[in-house]
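Engineer: Please find one structure pasted underneath; my questions will follow.
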Amino acid sequence: MVHTVIQALILGILTGGVYALMSTGQTLVFGVMRVVNVAQGVLVILAAYLSYTLYSQFGIDPFATIVLVMPAMFAVGVGIQLLFIRPVQRHRGSVTFEQTLLIMFAVAVGIEGILDLAYTSSYRSIDTSYANASWTVAGYTFSVVRVLAFALAVGLLGLLWLLLNKTPFGRAVRATVQNPTSARLLGVNTERIQALGMGVGVSLAGASGAVFGLIYPFDANSSYDLVSRLLSIIVLGGLGSVVGAVAGSLVLGVAEAVVQTFSPVWAPFTFLVVLIAVLLVRPQGLFGSAERGAL
Amino acid sequence: MSRVIRPDSWLVRIILPLAALAAVPFLMPQAWLLNLAILGIMYAALASSWNLLAGYTGYISLSHAAFFGIGAYALARLAGTVASLRGYGPFLLTIPIGVAVTLAAIPVGWVVLRTRHVTFAIVTITVLFIVQTLAFNLTGVTGGSEGVAVASAPFGASDFELPFYWVMTALLALAVIIFEAVRRSRLGLSLTALREDEDKARGIGVPTQPLKVGAFAVSVGITAMVGGVWAYYISFVMPQYAIDPLMMVGIALTAFLGGKGTLWGPTIGALIVVPAQQYLAFQVGASDLYLVSYAAIFLLVILLLPRGVIPTLGEHLRARRARSVSVQSARDPEERLDEPQHTPA
């Protein structure tokens, strides 16, 4: 019993790391642009398909494909911002939140359609030689793929922290998150920051795509399940808070893994229950600031 | 304009448009046209009931498709167990389903409406996806991915669609009549104040939380009733169609296209979107290009007509009236009420 729970905890933390990679990208996009990226789930799947193709066609190791997939997804993110968000922004002066929400929803549906066209709707999985390998430490199983994925997540999140806190770009991003108008007055090109911020957020989805494909079989429809988890995570963490997204990922990753161990059918319910608990106790989320109560 | 028929009367705003919709089956009795009309009115009813929440409170719910599915499953399950319900019986069954969902939505709404706009929208999306996952997983109730069959309606083949058309129209009527009745009441003023500035509204004594929860509950209750009628019409409920994120975008976009917060905007939106969507489905088949083209329509609508048909038209009309010097210098009540940003019309 104790062994089972600890094993579930290990699994949950490792999975939570991957969720963190996806959800920090999403919460960053919200922070910079006030755009809820409901397409993040399908973008992860898009990246998973890209890795799958690179692996199956050219034999590139899935973890190595990240080097190619991340820049590609960065471009996709910037493209979405320039093509769909910015025109509305220019047109109306400021984008109302519900419009961008619907735009991202439509973008998600469009990408899903394209993926269905390109890859049909049969499940794919990235089967490497080490896909099912695992290490056993003190009686506990550590899946090789999940450990590597967790390490990757920690590494990339560290880089993200450096990018946000130690570079001029990061300072501009933080200024835009805090107050776009003041940032503009101080000479920050917020439009450019928003496009690049979207790119960074989506490239994080890109990095997690390969990992997702290694862990789970997927098709374009998997994105719905995924995005509901990600949205629960960023609400739990507090919208726009990167630290909150990481914490929320670990909490929900662990909660899900524990429930999954005992009752697979009720695992999706975990997210709903945690979400309701958060809304009852602390509607602004773990790390959401109280003065943003109007969110 | 005659003095007897005022543009702001129930006759003009509710009865005549409904009469026009009721005349449709006599004008185009072909089954395939009626089928299209049923779908159009269904979306109109869904968007209009969605509009009861979004139009009055400004809260964008993306969970309505989940309640649609709940209504559909409820009807499928109940019509199967209550054997005496044949023919028109299942239509009556939507009334207790609607009441039950409305009551059940009060605690749900109370929890999800603890958040403000952005978080509310996200939470409701999550609810939608989780309910869909549950529909797949709770095989005991929903039959999982195999779905639930509903005994098909025993209407003759020649006029099979008619009862469904009437019932869908009745549900649309329910939504618009509630909308209009609220607009004319003190409740409408309170809700409008809430939408414009929730904190100020609460400050001057508007009971914001009960109002929001009430609007949410009534709104999803009607949505569930529409779901029930839909289940009876297609006589098969499958999770991917009963709780469909695509339908959710469809509902919201339909309302946006016509004009969120206006009385007939959602209906006009539905009567544009549904035929366009069906035409596309017909052209490209139900293949996956359908999803892409669907997304393209949505993006075009938002990028080109961000405020919706009725508000845009209203703006043009006002601009024109303003140019022809103020003939009616006295403020026309309609002119003021048409502005969706300030008062729902």
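Ordering of the structure tokens sets the chain letters (A, B, ...), residue numbers begin anew at 1 in every chain, and ligands are numbered from 1 in the order given.
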Counting only C-alpha atoms, which residues of chain B sit at most 8 Å from some atom of chain A, and what is each one's closest atom pair with its distance in Å to one decimal, listed by chain and rising residue number, as a Markdown table?
Structural biologist:
```
| residue | atom | partner | partner_atom | distance |
| --- | --- | --- | --- | --- |
| B:Ile60 | CA | A:Glu98 | CA | 7.1 |
| B:Val111 | CA | A:Leu280 | CA | 6.4 |
| B:Val112 | CA | A:Leu279 | CA | 6.9 |
| B:Arg114 | CA | A:Pro283 | CA | 6.5 |
| B:Thr115 | CA | A:Pro283 | CA | 5.9 |
| B:Arg116 | CA | A:Leu295 | CA | 5.2 |
| B:His117 | CA | A:Leu295 | CA | 6.1 |
| B:Val118 | CA | A:Leu295 | CA | 5.6 |
| B:Thr119 | CA | A:Leu295 | CA | 6.3 |
| B:Ile122 | CA | A:Leu231 | CA | 6.5 |
| B:Val123 | CA | A:Ser232 | CA | 7.2 |
| B:Ile125 | CA | A:Ser228 | CA | 7.2 |
| B:Thr126 | CA | A:Ser228 | CA | 4.8 |
| B:Val127 | CA | A:Leu272 | CA | 7.2 |
| B:Phe129 | CA | A:Ser228 | CA | 5.8 |
| B:Ile130 | CA | A:Pro268 | CA | 6.6 |
| B:Thr133 | CA | A:Pro268 | CA | 7.0 |
| B:Leu134 | CA | A:Pro268 | CA | 7.4 |
| B:Asn137 | CA | A:Val265 | CA | 6.0 |
| B:Leu138 | CA | A:Val265 | CA | 7.4 |
| B:Leu246 | CA | A:Val109 | CA | 7.5 |
| B:Val249 | CA | A:Leu102 | CA | 7.1 |
| B:Leu253 | CA | A:Leu102 | CA | 7.6 |
| B:Asp288 | CA | A:Gly113 | CA | 5.4 |
| B:Leu289 | CA | A:Gly113 | CA | 6.3 |
| B:Tyr290 | CA | A:Gly113 | CA | 7.4 |
| B:Leu291 | CA | A:Gly113 | CA | 4.9 |
| B:Val292 | CA | A:Gly110 | CA | 4.5 |
| B:Ser293 | CA | A:Gly110 | CA | 7.6 |
| B:Tyr294 | CA | A:Gly110 | CA | 7.6 |
| B:Ala295 | CA | A:Ala106 | CA | 4.9 |
| B:Ala296 | CA | A:Gly110 | CA | 7.3 |
| B:Phe298 | CA | A:Ala106 | CA | 6.3 |
| B:Leu299 | CA | A:Ile103 | CA | 6.2 |
| B:Ile302 | CA | A:Gln99 | CA | 6.9 |
| B:Leu303 | CA | A:Val88 | CA | 6.1 |
| B:Pro306 | CA | A:Gln99 | CA | 7.6 |
```
Engineer: So that I can see what lies close to Thr254 (chain B), please list as an NGL selection string the residues with an atom at most 9 Å from it, counting only C-alpha atoms and leaving out residues fewer than 6 positions away in the same chain.
Structural biologist: :B and (43-44 or 47 or 260 or 265-274)
Engineer: Between B:His64, B:Ala100, B:Ala201, B:Ala45, which has the minimum distance to Leu171 (chain B) (counting only C-alpha atoms)?
Structural biologist: B:Ala45
Engineer: Using only C-alpha atoms, which protein or nucleic acid residues come within 9 Å of Tyr49 (chain A)? Drop anything in the same chain fewer than 6 positions from it, and give the result as a PyMOL selection string.
Structural biologist: chain A and resi 115+119+124+209-210+213+218-219
Engineer: As a compact mmCIF listing (two decimals) with N, CA and C atoms, in the first residue's frame, please: all residues of region 12-245 of chain A that backbone DSSP puts in strand (DSSP E).
Structural biologist:
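New file part_14.txt:
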```txt
# COMPACT_ATOMS: atom_id res chain seq x y z
N SER A 134 13.13 0.86 -17.98
CA SER A 134 13.00 1.55 -16.69
C SER A 134 14.16 1.17 -15.78
N TRP A 135 14.44 2.06 -14.84
CA TRP A 135 15.44 1.77 -13.81
C TRP A 135 14.69 1.38 -12.55
N THR A 136 15.30 0.52 -11.77
CA THR A 136 14.69 0.20 -10.48
C THR A 136 15.64 0.65 -9.37
N VAL A 137 15.14 1.57 -8.54
CA VAL A 137 15.94 2.08 -7.44
C VAL A 137 15.19 1.81 -6.15
N TYR A 140 11.62 0.85 -6.36
CA TYR A 140 10.70 1.71 -7.10
C TYR A 140 11.11 1.80 -8.56
N THR A 141 10.12 1.82 -9.43
CA THR A 141 10.39 1.84 -10.85
C THR A 141 10.45 3.27 -11.36
N PHE A 142 11.49 3.58 -12.11
CA PHE A 142 11.61 4.88 -12.76
C PHE A 142 11.68 4.67 -14.26
N SER A 143 10.63 5.04 -14.96
CA SER A 143 10.65 4.90 -16.41
C SER A 143 11.72 5.83 -16.98
```
Engineer: List every residue of region 119-182 of chain A that DSSP, applied to the backbone of this structure, places in helix (DSSP H, G or I), and write the result as a ChimeraX atom specification.
Structural biologist: /A:119,144-166,168-178,180-182
